[in-house]
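Text of input.txt (compact mmCIF, C-alpha atoms) as supplied:
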# COMPACT_ATOMS: atom_id res chain seq x y z
CA MET U 1 -24.19 1.30 16.63
CA SER U 2 -20.39 1.39 16.64
CA LEU U 3 -18.58 2.16 13.39
CA SER U 4 -16.86 -1.25 13.34
CA GLN U 5 -20.21 -3.01 13.68
CA GLU U 6 -21.79 -0.76 11.06
CA LEU U 7 -18.96 -1.53 8.62
CA TRP U 8 -19.22 -5.25 9.20
CA ASP U 9 -23.00 -5.24 8.73
CA ALA U 10 -22.90 -3.02 5.65
CA HIS U 11 -20.42 -5.23 3.81
CA PHE U 12 -21.53 -8.58 5.15
CA ASP U 13 -22.49 -9.66 1.61
CA LEU U 14 -18.78 -9.98 0.84
CA ALA U 15 -18.10 -11.90 4.07
CA GLN U 16 -20.76 -14.39 2.94
CA GLN U 17 -19.10 -14.64 -0.46
CA SER U 18 -15.78 -15.45 1.21
CA LEU U 19 -17.48 -18.07 3.38
CA GLN U 20 -19.05 -19.66 0.30
CA ASN U 21 -15.83 -19.50 -1.70
CA PRO U 22 -14.69 -22.99 -2.76
CA PHE U 23 -11.32 -22.42 -1.09
CA VAL U 24 -12.91 -21.77 2.30
CA GLN U 25 -15.43 -24.58 1.78
CA GLY U 26 -12.52 -26.87 0.91
CA ILE U 27 -10.93 -26.01 4.25
CA ALA U 28 -14.26 -26.58 5.98
CA ASP U 29 -14.70 -30.14 4.72
CA GLY U 30 -11.01 -30.95 4.35
CA THR U 31 -11.21 -31.59 0.58
CA LEU U 32 -8.98 -28.67 -0.46
CA PRO U 33 -6.11 -30.00 -2.61
CA ARG U 34 -2.82 -29.79 -0.76
CA PRO U 35 -0.94 -27.74 -3.42
CA THR U 36 -3.72 -25.16 -3.23
CA PHE U 37 -3.18 -24.77 0.48
CA SER U 38 0.59 -24.62 0.04
CA TYR U 39 0.17 -21.77 -2.44
CA TYR U 40 -2.11 -19.97 -0.01
CA ILE U 41 0.33 -20.31 2.89
CA GLY U 42 3.11 -18.71 0.84
CA GLN U 43 0.91 -15.86 -0.34
CA ASP U 44 -0.50 -15.28 3.11
CA ALA U 45 2.98 -15.10 4.65
CA PHE U 46 3.89 -12.40 2.13
CA TYR U 47 0.64 -10.63 2.89
CA LEU U 48 1.20 -10.78 6.67
CA ASP U 49 4.55 -9.02 6.32
CA ALA U 50 2.78 -6.09 4.67
CA PHE U 51 -0.04 -6.29 7.20
CA ALA U 52 2.45 -5.98 10.08
CA ARG U 53 4.10 -3.04 8.34
CA ALA U 54 0.74 -1.31 7.92
CA TYR U 55 0.21 -1.66 11.68
CA THR U 56 3.58 -0.17 12.48
CA ILE U 57 3.03 2.75 10.07
CA ALA U 58 -0.37 3.32 11.66
CA ALA U 59 1.28 3.14 15.10
CA ALA U 60 3.91 5.69 14.11
CA LYS U 61 1.07 8.03 13.16
CA ALA U 62 -1.10 7.30 16.19
CA PRO U 63 -2.06 10.50 17.97
CA ASP U 64 -2.13 8.88 21.44
CA GLN U 65 0.00 6.58 23.60
CA GLU U 66 -2.79 4.09 24.05
CA GLY U 67 -3.17 3.62 20.30
CA PHE U 68 0.58 3.28 19.92
CA ARG U 69 0.66 0.55 22.56
CA VAL U 70 -2.35 -1.37 21.25
CA LEU U 71 -1.11 -1.25 17.66
CA HIS U 72 2.21 -2.70 18.68
CA SER U 73 0.49 -5.49 20.54
CA LEU U 74 -1.45 -6.18 17.34
CA VAL U 75 1.86 -6.39 15.47
CA ASP U 76 2.89 -8.99 18.00
CA GLY U 77 -0.25 -10.92 17.10
CA VAL U 78 0.72 -10.85 13.43
CA PHE U 79 4.21 -12.13 14.26
CA HIS U 80 2.63 -14.96 16.17
CA GLU U 81 0.45 -15.80 13.15
CA ARG U 82 3.49 -15.56 10.90
CA GLN U 83 5.30 -18.11 13.07
CA LEU U 84 2.39 -20.49 12.65
CA HIS U 85 2.76 -20.07 8.89
CA GLU U 86 6.44 -20.89 9.13
CA LYS U 87 5.58 -24.03 11.05
CA HIS U 88 2.94 -24.95 8.45
CA ALA U 89 5.31 -24.13 5.62
CA GLN U 90 7.92 -26.48 7.01
CA GLU U 91 5.38 -29.26 7.37
CA TRP U 92 4.12 -28.62 3.87
CA GLY U 93 7.53 -28.17 2.29
CA VAL U 94 6.97 -24.55 1.24
CA ASP U 95 9.96 -22.22 1.08
CA LEU U 96 8.64 -18.90 2.37
CA SER U 97 11.79 -17.00 1.43
CA SER U 98 11.24 -17.61 -2.27
CA VAL U 99 7.54 -16.73 -2.45
CA GLU U 100 6.59 -14.53 -5.39
CA PRO U 101 3.42 -12.58 -4.68
CA GLY U 102 0.60 -13.21 -7.14
CA PRO U 103 -1.17 -10.20 -8.69
CA THR U 104 -4.11 -10.48 -6.29
CA THR U 105 -1.79 -10.58 -3.29
CA ARG U 106 0.17 -7.63 -4.62
CA ARG U 107 -2.98 -5.62 -5.22
CA TYR U 108 -4.02 -6.16 -1.61
CA THR U 109 -0.61 -5.28 -0.08
CA ASP U 110 -0.21 -2.21 -2.32
CA PHE U 111 -3.60 -1.04 -1.15
CA LEU U 112 -2.75 -1.54 2.54
CA LEU U 113 0.64 0.17 2.36
CA ALA U 114 -0.56 3.06 0.19
CA THR U 115 -3.42 3.62 2.64
CA ALA U 116 -1.21 3.39 5.71
CA TRP U 117 1.30 5.90 4.36
CA GLN U 118 -1.28 8.30 3.02
CA HIS U 119 -4.01 8.33 5.62
CA GLU U 120 -4.44 8.83 9.33
CA THR U 121 -4.46 5.86 11.70
CA GLY U 122 -8.25 5.48 11.82
CA VAL U 123 -8.58 5.07 8.05
CA THR U 124 -5.78 2.50 7.99
CA LEU U 125 -7.55 0.55 10.72
CA ALA U 126 -10.72 0.55 8.63
CA ALA U 127 -8.66 -0.94 5.78
CA MET U 128 -7.20 -3.58 8.12
CA GLY U 129 -10.42 -4.42 9.92
CA PRO U 130 -11.82 -6.85 7.35
CA CYS U 131 -8.82 -9.16 7.54
CA MET U 132 -9.18 -9.58 11.29
CA ARG U 133 -12.96 -9.67 11.55
CA LEU U 134 -13.41 -11.87 8.50
CA TYR U 135 -10.92 -14.49 9.68
CA ALA U 136 -12.50 -14.58 13.13
CA PHE U 137 -15.89 -14.98 11.45
CA LEU U 138 -14.71 -17.74 9.11
CA GLY U 139 -12.94 -19.59 11.91
CA GLN U 140 -16.02 -19.45 14.13
CA GLU U 141 -18.36 -20.47 11.30
CA LEU U 142 -16.19 -23.44 10.34
CA ALA U 143 -15.88 -24.52 13.97
CA ARG U 144 -19.63 -24.45 14.56
CA GLY U 145 -20.03 -28.21 14.71
CA GLY U 146 -16.76 -28.62 16.62
CA ILE U 147 -13.21 -28.73 15.31
CA PRO U 148 -12.98 -31.43 12.66
CA THR U 149 -10.15 -33.95 12.54
CA HIS U 150 -9.10 -33.53 8.90
CA THR U 151 -6.01 -31.91 7.33
CA TYR U 152 -7.11 -28.33 7.91
CA ALA U 153 -8.23 -28.67 11.53
CA GLU U 154 -5.31 -26.53 12.69
CA TRP U 155 -6.39 -23.60 10.48
CA ILE U 156 -9.93 -23.76 11.81
CA LYS U 157 -8.70 -24.11 15.38
CA THR U 158 -6.42 -21.08 15.04
CA TYR U 159 -8.99 -18.71 13.60
CA SER U 160 -11.83 -19.81 15.86
CA SER U 161 -9.64 -19.31 18.94
CA PRO U 162 -10.48 -16.75 21.64
CA GLU U 163 -7.13 -15.02 20.95
CA ILE U 164 -8.14 -14.11 17.40
CA GLU U 165 -11.49 -12.81 18.61
CA GLU U 166 -9.66 -10.79 21.26
CA TYR U 167 -7.28 -9.21 18.73
CA THR U 168 -10.22 -8.47 16.47
CA GLN U 169 -12.07 -6.68 19.25
CA LEU U 170 -8.94 -4.75 20.12
CA LEU U 171 -8.71 -3.47 16.56
CA ASP U 172 -12.44 -2.74 16.38
CA ARG U 173 -12.40 -0.72 19.61
CA LEU U 174 -9.41 1.28 18.43
CA LEU U 175 -11.11 1.92 15.08
CA ASP U 176 -14.27 3.09 16.85
CA GLY U 177 -12.22 5.42 19.03
CA TYR U 178 -10.49 7.09 16.11
CA ALA U 179 -13.80 7.45 14.25
CA PRO U 180 -12.43 8.12 10.75
CA PRO U 181 -14.72 9.84 8.20
CA ALA U 182 -17.53 7.34 7.56
CA LYS U 183 -17.57 7.57 3.77
CA LEU U 184 -13.85 6.93 3.44
CA ALA U 185 -13.99 4.19 6.07
CA HIS U 186 -16.74 2.40 4.12
CA SER U 187 -14.83 2.74 0.89
CA VAL U 188 -11.55 1.24 2.17
CA TYR U 189 -13.38 -1.41 4.21
CA ARG U 190 -15.29 -2.64 1.18
CA TYR U 191 -12.17 -2.58 -0.97
CA ALA U 192 -10.36 -4.72 1.61
CA MET U 193 -13.31 -7.12 1.76
CA LEU U 194 -13.14 -7.52 -2.02
CA CYS U 195 -9.41 -8.15 -1.79
CA GLU U 196 -10.05 -10.82 0.85
CA ARG U 197 -12.60 -12.64 -1.28
CA ASP U 198 -10.35 -12.42 -4.35
CA PHE U 199 -7.41 -13.67 -2.29
CA PHE U 200 -9.28 -16.92 -1.57
CA GLN U 201 -10.40 -17.17 -5.18
CA ALA U 202 -6.87 -16.63 -6.51
CA ALA U 203 -5.58 -19.34 -4.17
CA PHE U 204 -8.35 -21.66 -5.33
CA GLU U 205 -7.53 -21.02 -8.99
CA SER U 206 -3.77 -21.45 -8.44
CA ASN U 207 -4.10 -25.19 -8.77
CA GLN U 208 -6.87 -25.44 -11.38
CA MET V 1 25.97 -3.63 -20.00
CA THR V 2 25.80 -3.50 -23.78
CA GLU V 3 22.13 -2.75 -24.21
CA PRO V 4 20.65 0.40 -22.64
CA PHE V 5 18.45 -0.60 -19.70
CA HIS V 6 15.26 0.91 -21.10
CA GLN V 7 15.66 -1.28 -24.18
CA THR V 8 16.06 -4.34 -22.01
CA LEU V 9 12.80 -3.44 -20.33
CA LEU V 10 11.00 -2.88 -23.62
CA ALA V 11 12.29 -6.17 -25.00
CA GLU V 12 11.08 -8.00 -21.89
CA ALA V 13 7.69 -6.39 -22.16
CA ALA V 14 7.39 -6.86 -25.94
CA PRO V 15 4.56 -9.44 -26.06
CA LEU V 16 2.51 -7.50 -23.55
CA TRP V 17 3.33 -4.26 -25.34
CA GLU V 18 1.97 -5.55 -28.65
CA LYS V 19 -1.16 -6.76 -26.94
CA MET V 20 -1.62 -3.32 -25.41
CA LEU V 21 -1.07 -1.45 -28.69
CA GLY V 22 -3.56 -3.74 -30.39
CA HIS V 23 -6.25 -3.08 -27.82
CA PRO V 24 -9.67 -2.50 -29.48
CA PHE V 25 -10.15 0.70 -27.47
CA LEU V 26 -7.23 2.29 -29.32
CA SER V 27 -8.22 1.07 -32.78
CA ALA V 28 -11.78 2.23 -32.19
CA VAL V 29 -10.53 5.70 -31.28
CA ALA V 30 -8.36 5.66 -34.41
CA ASP V 31 -11.14 4.71 -36.83
CA GLY V 32 -13.71 6.88 -35.09
CA SER V 33 -16.01 4.02 -34.13
CA ILE V 34 -15.49 4.41 -30.38
CA ALA V 35 -18.78 4.82 -28.52
CA ASP V 36 -19.13 8.22 -26.92
CA GLU V 37 -19.99 6.70 -23.57
CA THR V 38 -16.89 4.51 -23.66
CA PHE V 39 -14.55 7.37 -24.37
CA LYS V 40 -16.25 9.56 -21.80
CA ALA V 41 -15.84 6.81 -19.21
CA TRP V 42 -12.14 6.78 -20.01
CA VAL V 43 -11.94 10.57 -19.62
CA VAL V 44 -13.45 10.33 -16.14
CA GLN V 45 -11.31 7.39 -15.00
CA ASP V 46 -8.11 8.83 -16.38
CA TYR V 47 -8.82 12.18 -14.79
CA LEU V 48 -9.31 10.55 -11.38
CA PHE V 49 -6.21 8.47 -11.94
CA ILE V 50 -3.99 11.41 -12.90
CA ARG V 51 -5.11 13.27 -9.81
CA GLU V 52 -3.86 10.37 -7.71
CA ALA V 53 -0.69 10.17 -9.79
CA LEU V 54 0.15 13.68 -8.58
CA SER V 55 1.01 12.40 -5.13
CA PHE V 56 3.10 9.65 -6.71
CA LEU V 57 5.05 12.30 -8.66
CA SER V 58 5.44 14.51 -5.62
CA ILE V 59 7.04 11.67 -3.69
CA LEU V 60 9.26 10.82 -6.65
CA HIS V 61 10.34 14.45 -6.75
CA ALA V 62 11.12 14.43 -3.05
CA LYS V 63 13.30 11.31 -3.45
CA ALA V 64 15.13 12.57 -6.53
CA PRO V 65 18.80 13.60 -6.53
CA HIS V 66 19.28 17.35 -6.92
CA HIS V 67 20.21 17.40 -10.58
CA LEU V 68 16.98 15.63 -11.61
CA ARG V 69 14.63 17.76 -9.55
CA PRO V 70 14.11 20.63 -12.01
CA THR V 71 12.81 18.38 -14.80
CA LEU V 72 10.72 16.28 -12.43
CA GLY V 73 9.34 19.48 -10.94
CA GLN V 74 8.33 20.56 -14.44
CA THR V 75 6.58 17.22 -14.83
CA ILE V 76 4.36 18.03 -11.88
CA VAL V 77 3.48 21.35 -13.47
CA GLY V 78 2.78 19.46 -16.70
CA ILE V 79 0.38 17.13 -14.91
CA HIS V 80 -1.57 20.10 -13.61
CA GLN V 81 -1.84 21.34 -17.18
CA GLU V 82 -2.99 17.91 -18.24
CA LEU V 83 -5.74 18.05 -15.62
CA ASP V 84 -6.75 21.43 -17.06
CA LEU V 85 -7.00 19.82 -20.48
CA PHE V 86 -9.28 17.15 -19.03
CA ARG V 87 -11.48 19.75 -17.36
CA LYS V 88 -11.77 21.83 -20.53
CA GLN V 89 -12.52 18.82 -22.69
CA ALA V 90 -15.02 17.56 -20.15
CA GLU V 91 -16.84 20.86 -20.27
CA ALA V 92 -16.81 20.92 -24.07
CA HIS V 93 -18.25 17.41 -24.26
CA GLY V 94 -20.68 17.59 -21.39
CA ILE V 95 -18.79 15.24 -19.09
CA SER V 96 -19.11 15.65 -15.34
CA PHE V 97 -16.53 14.55 -12.77
CA GLU V 98 -18.82 15.28 -9.89
CA GLY V 99 -19.44 12.30 -7.66
CA ALA V 100 -17.39 10.08 -9.97
CA THR V 101 -15.50 7.27 -8.25
CA MET V 102 -12.51 5.28 -9.38
CA SER V 103 -13.16 1.86 -10.86
CA PHE V 104 -11.59 -1.19 -9.26
CA VAL V 105 -8.69 -1.32 -11.72
CA CYS V 106 -8.15 2.43 -11.54
CA GLN V 107 -7.98 2.25 -7.77
CA ALA V 108 -5.68 -0.78 -7.77
CA TYR V 109 -3.35 0.98 -10.22
CA ALA V 110 -3.30 4.12 -8.07
CA HIS V 111 -2.49 2.06 -4.98
CA PHE V 112 0.33 0.37 -6.87
CA LEU V 113 1.79 3.77 -7.80
CA LYS V 114 1.56 5.14 -4.29
CA ALA V 115 2.78 2.06 -2.47
CA THR V 116 5.75 1.99 -4.84
CA ALA V 117 6.44 5.69 -4.34
CA TYR V 118 6.42 5.43 -0.56
CA GLU V 119 8.19 2.11 -0.22
CA ARG V 120 10.75 1.81 -3.00
CA SER V 121 14.02 3.41 -3.99
CA PHE V 122 14.18 6.45 -6.27
CA GLU V 123 15.42 4.27 -9.15
CA GLU V 124 12.54 1.85 -8.76
CA VAL V 125 9.96 4.63 -8.64
CA PHE V 126 11.57 6.28 -11.64
CA THR V 127 11.20 3.03 -13.60
CA VAL V 128 7.47 3.18 -12.98
CA ILE V 129 7.10 6.72 -14.28
CA TYR V 130 9.04 5.73 -17.38
CA GLY V 131 6.54 2.87 -17.81
CA THR V 132 3.46 5.06 -17.43
CA GLU V 133 4.70 7.72 -19.88
CA LYS V 134 6.22 5.39 -22.46
CA THR V 135 3.05 3.31 -22.67
CA TYR V 136 1.01 6.49 -23.17
CA LEU V 137 3.30 7.79 -25.86
CA ASP V 138 3.24 4.53 -27.80
CA CYS V 139 -0.49 3.96 -27.41
CA TRP V 140 -1.44 7.41 -28.62
CA LEU V 141 1.17 7.34 -31.39
CA ARG V 142 -0.47 4.14 -32.60
CA VAL V 143 -3.84 5.91 -32.64
CA LYS V 144 -2.39 8.86 -34.51
CA GLN V 145 -0.71 6.64 -37.10
CA GLU V 146 -3.89 4.69 -37.73
CA GLN V 147 -6.35 7.56 -37.84
CA ALA V 148 -7.58 8.58 -41.31
CA ALA V 149 -9.65 11.57 -40.24
CA PRO V 150 -9.51 14.03 -37.35
CA SER V 151 -11.13 12.67 -34.21
CA ARG V 152 -13.74 14.20 -31.98
CA TRP V 153 -11.16 13.51 -29.27
CA GLN V 154 -8.17 14.95 -31.12
CA ALA V 155 -7.06 17.12 -28.20
CA PHE V 156 -6.18 14.00 -26.22
CA ILE V 157 -4.43 12.32 -29.13
CA ASP V 158 -2.35 15.42 -29.78
CA ASN V 159 -1.50 15.87 -26.12
CA TRP V 160 0.46 12.62 -25.86
CA THR V 161 1.95 12.64 -29.34
CA SER V 162 3.36 16.16 -29.27
CA GLU V 163 7.06 16.73 -29.84
CA ALA V 164 7.36 18.06 -26.32
CA PHE V 165 5.90 14.87 -24.88
CA GLN V 166 8.10 12.70 -27.09
CA GLY V 167 11.12 14.67 -25.91
CA PHE V 168 10.11 14.16 -22.30
CA VAL V 169 9.80 10.39 -22.75
CA THR V 170 13.21 10.29 -24.42
CA TRP V 171 14.62 12.17 -21.42
CA LEU V 172 13.03 9.60 -19.11
CA ALA V 173 14.61 6.74 -21.09
CA THR V 174 18.07 8.32 -21.11
CA THR V 175 17.90 9.19 -17.45
CA LEU V 176 16.70 5.70 -16.59
CA ASP V 177 19.70 4.24 -18.42
CA GLU V 178 22.00 6.51 -16.42
CA ILE V 179 20.58 5.71 -13.02
CA ALA V 180 20.35 1.98 -13.83
CA ALA V 181 24.05 1.83 -14.71
CA HIS V 182 25.00 1.90 -11.01
CA LYS V 183 22.48 -0.62 -9.79
CA SER V 184 23.11 -4.22 -8.78
CA PRO V 185 21.52 -7.10 -10.73
CA HIS V 186 19.18 -7.60 -7.79
CA ASP V 187 17.99 -3.98 -7.99
CA LEU V 188 17.63 -4.17 -11.75
CA GLU V 189 15.46 -7.23 -11.33
CA ALA V 190 13.18 -5.32 -8.97
CA MET V 191 12.99 -2.45 -11.49
CA ARG V 192 12.11 -4.88 -14.25
CA ASP V 193 9.28 -6.38 -12.18
CA LEU V 194 7.84 -2.94 -11.48
CA PHE V 195 8.05 -2.03 -15.15
CA LEU V 196 6.14 -5.14 -16.20
CA MET V 197 3.56 -4.50 -13.50
CA THR V 198 3.06 -0.98 -14.84
CA VAL V 199 2.51 -2.22 -18.39
CA ARG V 200 0.03 -4.80 -17.13
CA TYR V 201 -1.94 -2.14 -15.33
CA GLU V 202 -1.92 0.08 -18.42
CA TYR V 203 -3.38 -2.77 -20.44
CA MET V 204 -5.99 -3.49 -17.79
CA PHE V 205 -6.92 0.18 -17.70
CA TRP V 206 -7.91 0.14 -21.42
CA GLU V 207 -9.65 -3.16 -20.90
CA MET V 208 -11.59 -1.93 -17.88
CA VAL V 209 -12.88 1.12 -19.73
CA TYR V 210 -13.61 -0.77 -22.95
CA THR V 211 -15.54 -3.57 -21.27
CA ASP V 212 -17.22 -1.21 -18.85
CA THR V 213 -16.08 -3.07 -15.72
CA GLY V 214 -16.44 -0.63 -12.88
CA TRP V 215 -16.63 -2.84 -9.82
CA PRO V 216 -16.81 -6.62 -9.60
CA VAL V 217 -19.71 -6.30 -7.14
Any chance you could give the structure as structure tokens?
Amino acid sequence: MSLSQELWDAHFDLAQQSLQNPFVQGIADGTLPRPTFSYYIGQDAFYLDAFARAYTIAAAKAPDQEGFRVLHSLVDGVFHERQLHEKHAQEWGVDLSSVEPGPTTRRYTDFLLATAWQHETGVTLAAMGPCMRLYAFLGQELARGGIPTHTYAEWIKTYSSPEIEEYTQLLDRLLDGYAPPAKLAHSVYRYAMLCERDFFQAAFESNQ
Amino acid sequence: MTEPFHQTLLAEAAPLWEKMLGHPFLSAVADGSIADETFKAWVVQDYLFIREALSFLSILHAKAPHHLRPTLGQTIVGIHQELDLFRKQAEAHGISFEGATMSFVCQAYAHFLKATAYERSFEEVFTVIYGTEKTYLDCWLRVKQEQAAPSRWQAFIDNWTSEAFQGFVTWLATTLDEIAAHKSPHDLEAMRDLFLMTVRYEYMFWEMVYTDTGWPV
């Protein structure tokens, strides 16, 4: 079994917890309060800036041309996602330039950047894997019965799209190729999965 | 600026600071009622944390202007001595570091230190080290003031209340005031945020050990 698959399987309990999180369920059935989603969009935009930086740091450290190229194409994917957030933010009246990261967001971005600076490319990819794979999973799960027509249809459509799955596989293949030490890979992967789940929870609690 | 910058920071952090100094972990160490297992858990977590803090300090040292490098270099030596203290105390009290892993809070705090060290300006990183050392000084001074009898863990209490350590923290405060004097309000705001974040993590560190929260799952 490939490392990326092994990581996903080993920490699937946390993916399930994210799926069951009231924030994600609120997106699924369209009942999520609007201010909660606005908060999330702002936090996620801040997060994506750090995520893109982690890719570029990993790219700068990549030992091969192929990795360098793929990582930069992944950065392009993040920019694309960031543009969607800007579009959403405008529609939702959120000012992305004035977003203050919450403690949970900060904890996640500190983790990503500390890992990217300190470790080799493969370890950083293991830390970044959950974000990609989890969102593809959530998008596909929520789109199972077809894309709904409610407020959050666009979110579900985006993350269940073939492009997201493609980017995810790109990252997974690169991660498998670099084959970072398994124990460390598991440790950062699980930590990132926890951060993902807590990110949803923090967004959910922002409007309680 | 009329008020020295480090005093501005301390004033901003005052409510949080009081909460930290009043933490039951510290009062239990002071009155001797702290459970052995709780203190031992702290020894392990703090040891793992300090080891990580070494890379933070190394980066700070590398970013420092020439005239501050000697003292910051000494700090790195001091941290190695602190790790020796932990190892000796661990041996004396039958504590093992083998296979120990950082708790969630410990790891988050270490990531915060390292991300700050790599990403932020020298002045910002320096603010964080002032925060980590000043909190330690005040916390352990509080323990020392409150304790009626020598503690089983006296070596730790003495380590962070020594005159040498107090002198070092005073140097950090004075130096912080100097380097802050040339910074813009925007930069000072960023330094203030990092300082408050550091104090929060210090509080959470006591809390994590005291309530035995290793990992949320």
Which residues of chain U are close to chain V, meaning at most 12 Å apart when you count all atoms listed in the file, and how do they look as a PDB file with C-alpha atoms, keeping the file's coordinate frame?
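Result saved to part_14.pdb:
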ATOM      1  CA  HIS U  11     -20.420  -5.230   3.810  1.00  0.00           C
ATOM      2  CA  ASP U  13     -22.490  -9.660   1.610  1.00  0.00           C
ATOM      3  CA  LEU U  14     -18.780  -9.980   0.840  1.00  0.00           C
ATOM      4  CA  GLN U  17     -19.100 -14.640  -0.460  1.00  0.00           C
ATOM      5  CA  ALA U  50       2.780  -6.090   4.670  1.00  0.00           C
ATOM      6  CA  ARG U  53       4.100  -3.040   8.340  1.00  0.00           C
ATOM      7  CA  ALA U  54       0.740  -1.310   7.920  1.00  0.00           C
ATOM      8  CA  ILE U  57       3.030   2.750  10.070  1.00  0.00           C
ATOM      9  CA  GLU U 100       6.590 -14.530  -5.390  1.00  0.00           C
ATOM     10  CA  PRO U 101       3.420 -12.580  -4.680  1.00  0.00           C
ATOM     11  CA  GLY U 102       0.600 -13.210  -7.140  1.00  0.00           C
ATOM     12  CA  PRO U 103      -1.170 -10.200  -8.690  1.00  0.00           C
ATOM     13  CA  THR U 104      -4.110 -10.480  -6.290  1.00  0.00           C
ATOM     14  CA  THR U 105      -1.790 -10.580  -3.290  1.00  0.00           C
ATOM     15  CA  ARG U 106       0.170  -7.630  -4.620  1.00  0.00           C
ATOM     16  CA  ARG U 107      -2.980  -5.620  -5.220  1.00  0.00           C
ATOM     17  CA  TYR U 108      -4.020  -6.160  -1.610  1.00  0.00           C
ATOM     18  CA  THR U 109      -0.610  -5.280  -0.080  1.00  0.00           C
ATOM     19  CA  ASP U 110      -0.210  -2.210  -2.320  1.00  0.00           C
ATOM     20  CA  PHE U 111      -3.600  -1.040  -1.150  1.00  0.00           C
ATOM     21  CA  LEU U 112      -2.750  -1.540   2.540  1.00  0.00           C
ATOM     22  CA  LEU U 113       0.640   0.170   2.360  1.00  0.00           C
ATOM     23  CA  ALA U 114      -0.560   3.060   0.190  1.00  0.00           C
ATOM     24  CA  THR U 115      -3.420   3.620   2.640  1.00  0.00           C
ATOM     25  CA  ALA U 116      -1.210   3.390   5.710  1.00  0.00           C
ATOM     26  CA  TRP U 117       1.300   5.900   4.360  1.00  0.00           C
ATOM     27  CA  GLN U 118      -1.280   8.300   3.020  1.00  0.00           C
ATOM     28  CA  HIS U 119      -4.010   8.330   5.620  1.00  0.00           C
ATOM     29  CA  LEU U 184     -13.850   6.930   3.440  1.00  0.00           C
ATOM     30  CA  SER U 187     -14.830   2.740   0.890  1.00  0.00           C
ATOM     31  CA  VAL U 188     -11.550   1.240   2.170  1.00  0.00           C
ATOM     32  CA  ARG U 190     -15.290  -2.640   1.180  1.00  0.00           C
ATOM     33  CA  TYR U 191     -12.170  -2.580  -0.970  1.00  0.00           C
ATOM     34  CA  ALA U 192     -10.360  -4.720   1.610  1.00  0.00           C
ATOM     35  CA  MET U 193     -13.310  -7.120   1.760  1.00  0.00           C
ATOM     36  CA  LEU U 194     -13.140  -7.520  -2.020  1.00  0.00           C
ATOM     37  CA  CYS U 195      -9.410  -8.150  -1.790  1.00  0.00           C
ATOM     38  CA  ARG U 197     -12.600 -12.640  -1.280  1.00  0.00           C
ATOM     39  CA  ASP U 198     -10.350 -12.420  -4.350  1.00  0.00           C
TER      40      ASP U 198
END
Contact residues around Ile157 in chain V with all atoms listed in the file at 10 Å, ignoring same-chain residues under 5 positions, as a PDB file with C-alpha atoms, in the coordinates of the input:
ATOM      1  CA  VAL V  29     -10.530   5.700 -31.280  1.00  0.00           C
ATOM      2  CA  ALA V  30      -8.360   5.660 -34.410  1.00  0.00           C
ATOM      3  CA  TYR V 136       1.010   6.490 -23.170  1.00  0.00           C
ATOM      4  CA  LEU V 137       3.300   7.790 -25.860  1.00  0.00           C
ATOM      5  CA  CYS V 139      -0.490   3.960 -27.410  1.00  0.00           C
ATOM      6  CA  TRP V 140      -1.440   7.410 -28.620  1.00  0.00           C
ATOM      7  CA  LEU V 141       1.170   7.340 -31.390  1.00  0.00           C
ATOM      8  CA  ARG V 142      -0.470   4.140 -32.600  1.00  0.00           C
ATOM      9  CA  VAL V 143      -3.840   5.910 -32.640  1.00  0.00           C
ATOM     10  CA  LYS V 144      -2.390   8.860 -34.510  1.00  0.00           C
ATOM     11  CA  PRO V 150      -9.510  14.030 -37.350  1.00  0.00           C
ATOM     12  CA  SER V 151     -11.130  12.670 -34.210  1.00  0.00           C
ATOM     13  CA  ARG V 152     -13.740  14.200 -31.980  1.00  0.00           C
ATOM     14  CA  SER V 162       3.360  16.160 -29.270  1.00  0.00           C
TER      15      SER V 162
END
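Every protein, DNA or RNA residue with an atom at most 9 Å from Ala28 in chain U, where all atoms listed in the file count and chain neighbours fewer than 3 positions away do not, is listed here: Phe23, Val24, Gln25, Thr31, Leu32, Leu142, Ala143, Pro148, Tyr152, Ala153 and Ile156 of chain U.
Counting all atoms listed in the file, the residue from U:Asp29, U:Glu154, U:Glu196, U:Asp49 that sits nearest to Lys87 in chain U is U:Glu154.
A straight line drawn from CA of Tyr167 in chain U to CA of Ser73 in chain U is 8.8 Å long.
Straight-line separation from CA of Asp193 in chain V to CA of Ile179 in chain V: 16.6 Å.
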